[in-house]
Amino acid sequence: MLTRRHIRVKVMQSLYAYFQSENDSLQTEEKFLMKSMDEMYDLYLLLLDLFVEIKDYAEDYMEKSQRKHLASEEEIDPNKKFVNNVIFGWLEGNSALTKLLEIRKLDNWKKDDEYVAILWDEIRNSETFLNYMSSRTSTFEEDKKFVINIFKEVIAPNDKLYDYLEDRKITWVDDLPLVNTAIVKMLQKVKPEKEPVLTKLYKSSDDKDYAVELFRKTLLNDEKLAGEMEGKTPNWDKDRIADLDTILIKMAICEFLHFPSIPVKVSINEYLEIAKEYSTPKSSIFINGILDKLSKEYKEEGKLNKMGRGLM
């Protein structure tokens with residue numbers, strides 16, 4: 001789930017918090033970094049659980065409608081296609097999901113069930129829902145397509161859900177697009193004969209190690225990395241350089257010098273994209289100029305200890 005770019009963003013945020021705070025504990029900030037990445041998985045689990053909670057809410061809604069004194073024919077004999085959707089059933093019966101929700105104490109939708117109600121109302125009034133419920137039977141592919149469309153069209157873009165998640169964890173704002181994509185990809189891979197497999201937070205243990213190493217090596221070599229920038233910004237006073245730009249440049253230089261398996265072009269492109277999203281409008285041009293100049297110097301001086309073809 002976590003991409004290298006998102007890991008870089010997490011490291012950038014942790015370094016920024018470290019340099020802005022009076023706390024000079026590397027261990028404390030490193031714990032924050034790991035917690036921030038781990039909490040991204042909480043968001044993933046919560047959104048999967050949301051499917052189940054909406055299904056349960058819809059079931060309870062139908063049962064209450066059946067008990068009305070003057071219930072309509074449709075309320076007496078409701079179409080249960082939605083609550084019987086096979087994808088919802090598989091998520092509800094997924095022991096790994098249930099166990100992780102319990103271990104991590106993620107019971108948000110039990111406490112804040114008004115968001116479940118809001119989403120259920122939006123779903124049942126959507127065109128996608130009405131088309132789906134126009135019959136009482138369905139195929140596996142129809143069930144799967146419906147769940148994916150409802151997530152993409154109703155759940156993921158819901159402003160009230162977004163505000164709620166932002167209030168719960170500020171870091172989830174950055175995580176949400178990646179988590180939403182991971183959920184859609186997981187659902188798309190589901191086969192009739194095989195239940196959904198939860199996506200892992202890290203694609204490999206190397207990614208977790210990379211996050212820790214990038215954070216530590218950038219922080220512990222801060223003075224040296226700052227020295228590498230000296231003389232490369234003649235038209236810029238130090239006070240004029242955005243703090244985030246300085247951190248991104250240091251992280252990129254750190255990758256040039258201390259991460260042999262990462263190609264120089266990859267490092268430059270990744271930090272330029274991060275700068276475009278998180279820093280000033282001119283930051284990417286400024287950063288590109290410095291990194292391009294440094295990478296050429298390092299290559300000429302033989303400082304780029306890169307392994308493998310095409311890594312220079």
# chains A, B, ... in the order shown; residues from 1 in each chain; ligands from 1
>>> residues_around(residues="A:Thr139", least_positions_apart="5", cutoff="12 Å", atoms="only C-alpha atoms", output="list of chain:residue names")
A:Lys81, A:Asn84, A:Asn85, A:Val86, A:Ile87, A:Tyr132, A:Lys144, A:Lys145, A:Phe146, A:Pro192
>>> write_last_selection(atoms="C-alpha atoms", output="short mmCIF file (atom, residue, chain, number, x, y, z; two decimals), in the first residue's frame")
data_model
loop_
_atom_site.label_atom_id
_atom_site.label_comp_id
_atom_site.auth_asym_id
_atom_site.auth_seq_id
_atom_site.Cartn_x
_atom_site.Cartn_y
_atom_site.Cartn_z
CA LYS A 81 -30.24 -7.53 -2.67
CA ASN A 84 -27.10 -9.83 0.68
CA ASN A 85 -24.34 -8.45 -1.53
CA VAL A 86 -21.60 -11.10 -1.54
CA ILE A 87 -18.77 -8.57 -1.12
CA TYR A 132 -28.79 -2.07 -8.80
CA LYS A 144 -18.57 -6.42 -7.13
CA LYS A 145 -19.11 -3.64 -9.66
CA PHE A 146 -21.82 -2.10 -7.47
CA PRO A 192 -15.84 -15.56 -7.20
#
>>> residues_around(residues="stretch 120-126 of chain A", least_positions_apart="4", cutoff="8 Å", atoms="only C-alpha atoms", output="VMD selection string")
chain A and resid 54 57 to 58 116 130 150 154
>>> residues_around(residues="A:Val184", least_positions_apart="6", cutoff="12 Å", atoms="only C-alpha atoms", output="list in words")
Met1, Tyr44, Leu47, Leu48, Lys144, Lys145, Phe146, Val147, Ile148, Asn149, Ile150, Phe151, Lys152, Glu153, Ile155, Ala156, Pro177, Leu178, Val190, Pro196, Leu198 and Thr199 of chain A
>>> atom_distance(atom1="atom CA of A:Ala211", atom2="atom CA of A:Met34")
8.5 Å
>>> residues_around(residues="A:Leu257", least_positions_apart="5", cutoff="8 Å", atoms="only C-alpha atoms", output="short mmCIF file (atom, residue, chain, number, x, y, z; two decimals) with N, CA and C atoms, in the first residue's frame")
data_model
loop_
_atom_site.label_atom_id
_atom_site.label_comp_id
_atom_site.auth_asym_id
_atom_site.auth_seq_id
_atom_site.Cartn_x
_atom_site.Cartn_y
_atom_site.Cartn_z
N LYS A 303 31.48 10.53 -6.50
CA LYS A 303 30.83 10.39 -5.20
C LYS A 303 29.55 9.55 -5.25
N LEU A 304 29.02 9.35 -6.46
CA LEU A 304 27.77 8.59 -6.58
C LEU A 304 28.06 7.10 -6.55
N ASN A 305 27.88 6.52 -5.38
CA ASN A 305 28.15 5.09 -5.19
C ASN A 305 26.90 4.29 -5.51
#
>>> select_by_dssp(residues="stretch 146-209 of chain A", states="alpha helix (DSSP H)", output="PyMOL selection string")
chain A and resi 146-150+159-168+172-189+205-209
>>> write_last_selection(atoms="C-alpha atoms", output="PDB file, in the first residue's frame")
ATOM      1  CA  PHE A 146     -21.822  -2.099  -7.474  1.00  0.00           C
ATOM      2  CA  VAL A 147     -19.624  -2.002  -4.350  1.00  0.00           C
ATOM      3  CA  ILE A 148     -16.732  -0.434  -6.262  1.00  0.00           C
ATOM      4  CA  ASN A 149     -19.002   2.199  -7.841  1.00  0.00           C
ATOM      5  CA  ILE A 150     -20.680   3.065  -4.552  1.00  0.00           C
ATOM      6  CA  ASP A 159     -17.342  15.798   2.426  1.00  0.00           C
ATOM      7  CA  LYS A 160     -18.736  15.013   5.881  1.00  0.00           C
ATOM      8  CA  LEU A 161     -16.763  11.777   6.050  1.00  0.00           C
ATOM      9  CA  TYR A 162     -13.648  13.662   4.912  1.00  0.00           C
ATOM     10  CA  ASP A 163     -14.116  16.291   7.655  1.00  0.00           C
ATOM     11  CA  TYR A 164     -14.661  13.584  10.255  1.00  0.00           C
ATOM     12  CA  LEU A 165     -11.483  11.727   9.283  1.00  0.00           C
ATOM     13  CA  GLU A 166      -9.490  14.968   9.224  1.00  0.00           C
ATOM     14  CA  ASP A 167     -10.689  15.767  12.759  1.00  0.00           C
ATOM     15  CA  ARG A 168      -9.729  12.309  13.984  1.00  0.00           C
ATOM     16  CA  TRP A 172      -5.200  10.958   7.309  1.00  0.00           C
ATOM     17  CA  VAL A 173      -5.842  13.824   4.892  1.00  0.00           C
ATOM     18  CA  ASP A 174      -2.636  12.948   3.028  1.00  0.00           C
ATOM     19  CA  ASP A 175      -3.264   9.217   3.390  1.00  0.00           C
ATOM     20  CA  LEU A 176      -6.819   9.170   2.083  1.00  0.00           C
ATOM     21  CA  PRO A 177      -6.134   9.142  -1.704  1.00  0.00           C
ATOM     22  CA  LEU A 178      -3.650   6.298  -1.353  1.00  0.00           C
ATOM     23  CA  VAL A 179      -5.946   4.294   0.935  1.00  0.00           C
ATOM     24  CA  ASN A 180      -8.940   4.824  -1.370  1.00  0.00           C
ATOM     25  CA  THR A 181      -6.891   3.565  -4.308  1.00  0.00           C
ATOM     26  CA  ALA A 182      -5.760   0.520  -2.306  1.00  0.00           C
ATOM     27  CA  ILE A 183      -9.370  -0.366  -1.456  1.00  0.00           C
ATOM     28  CA  VAL A 184     -10.524  -0.104  -5.080  1.00  0.00           C
ATOM     29  CA  LYS A 185      -7.590  -2.244  -6.256  1.00  0.00           C
ATOM     30  CA  MET A 186      -8.333  -4.846  -3.589  1.00  0.00           C
ATOM     31  CA  LEU A 187     -11.987  -5.039  -4.618  1.00  0.00           C
ATOM     32  CA  GLN A 188     -11.082  -5.262  -8.309  1.00  0.00           C
ATOM     33  CA  LYS A 189      -8.913  -8.314  -7.615  1.00  0.00           C
ATOM     34  CA  SER A 205      10.177  -5.116   4.796  1.00  0.00           C
ATOM     35  CA  ASP A 206      12.653  -3.081   2.719  1.00  0.00           C
ATOM     36  CA  ASP A 207      10.156  -0.211   2.577  1.00  0.00           C
ATOM     37  CA  LYS A 208       9.917  -0.006   6.363  1.00  0.00           C
ATOM     38  CA  ASP A 209      13.708  -0.110   6.661  1.00  0.00           C
TER      39      ASP A 209
END
>>> closest_residue(among="A:Val83, A:Ser138, A:Asn269, A:Leu244", to="A:Gln13", atoms="only C-alpha atoms")
A:Leu244
>>> residues_around(residues="stretch 216-218 of chain A", least_positions_apart="3", cutoff="10 Å", atoms="only C-alpha atoms", output="number ranges by chain")
A: 11-12, 15, 26-27, 30, 210-213, 221-225, 247-248, 250-255, 258-259
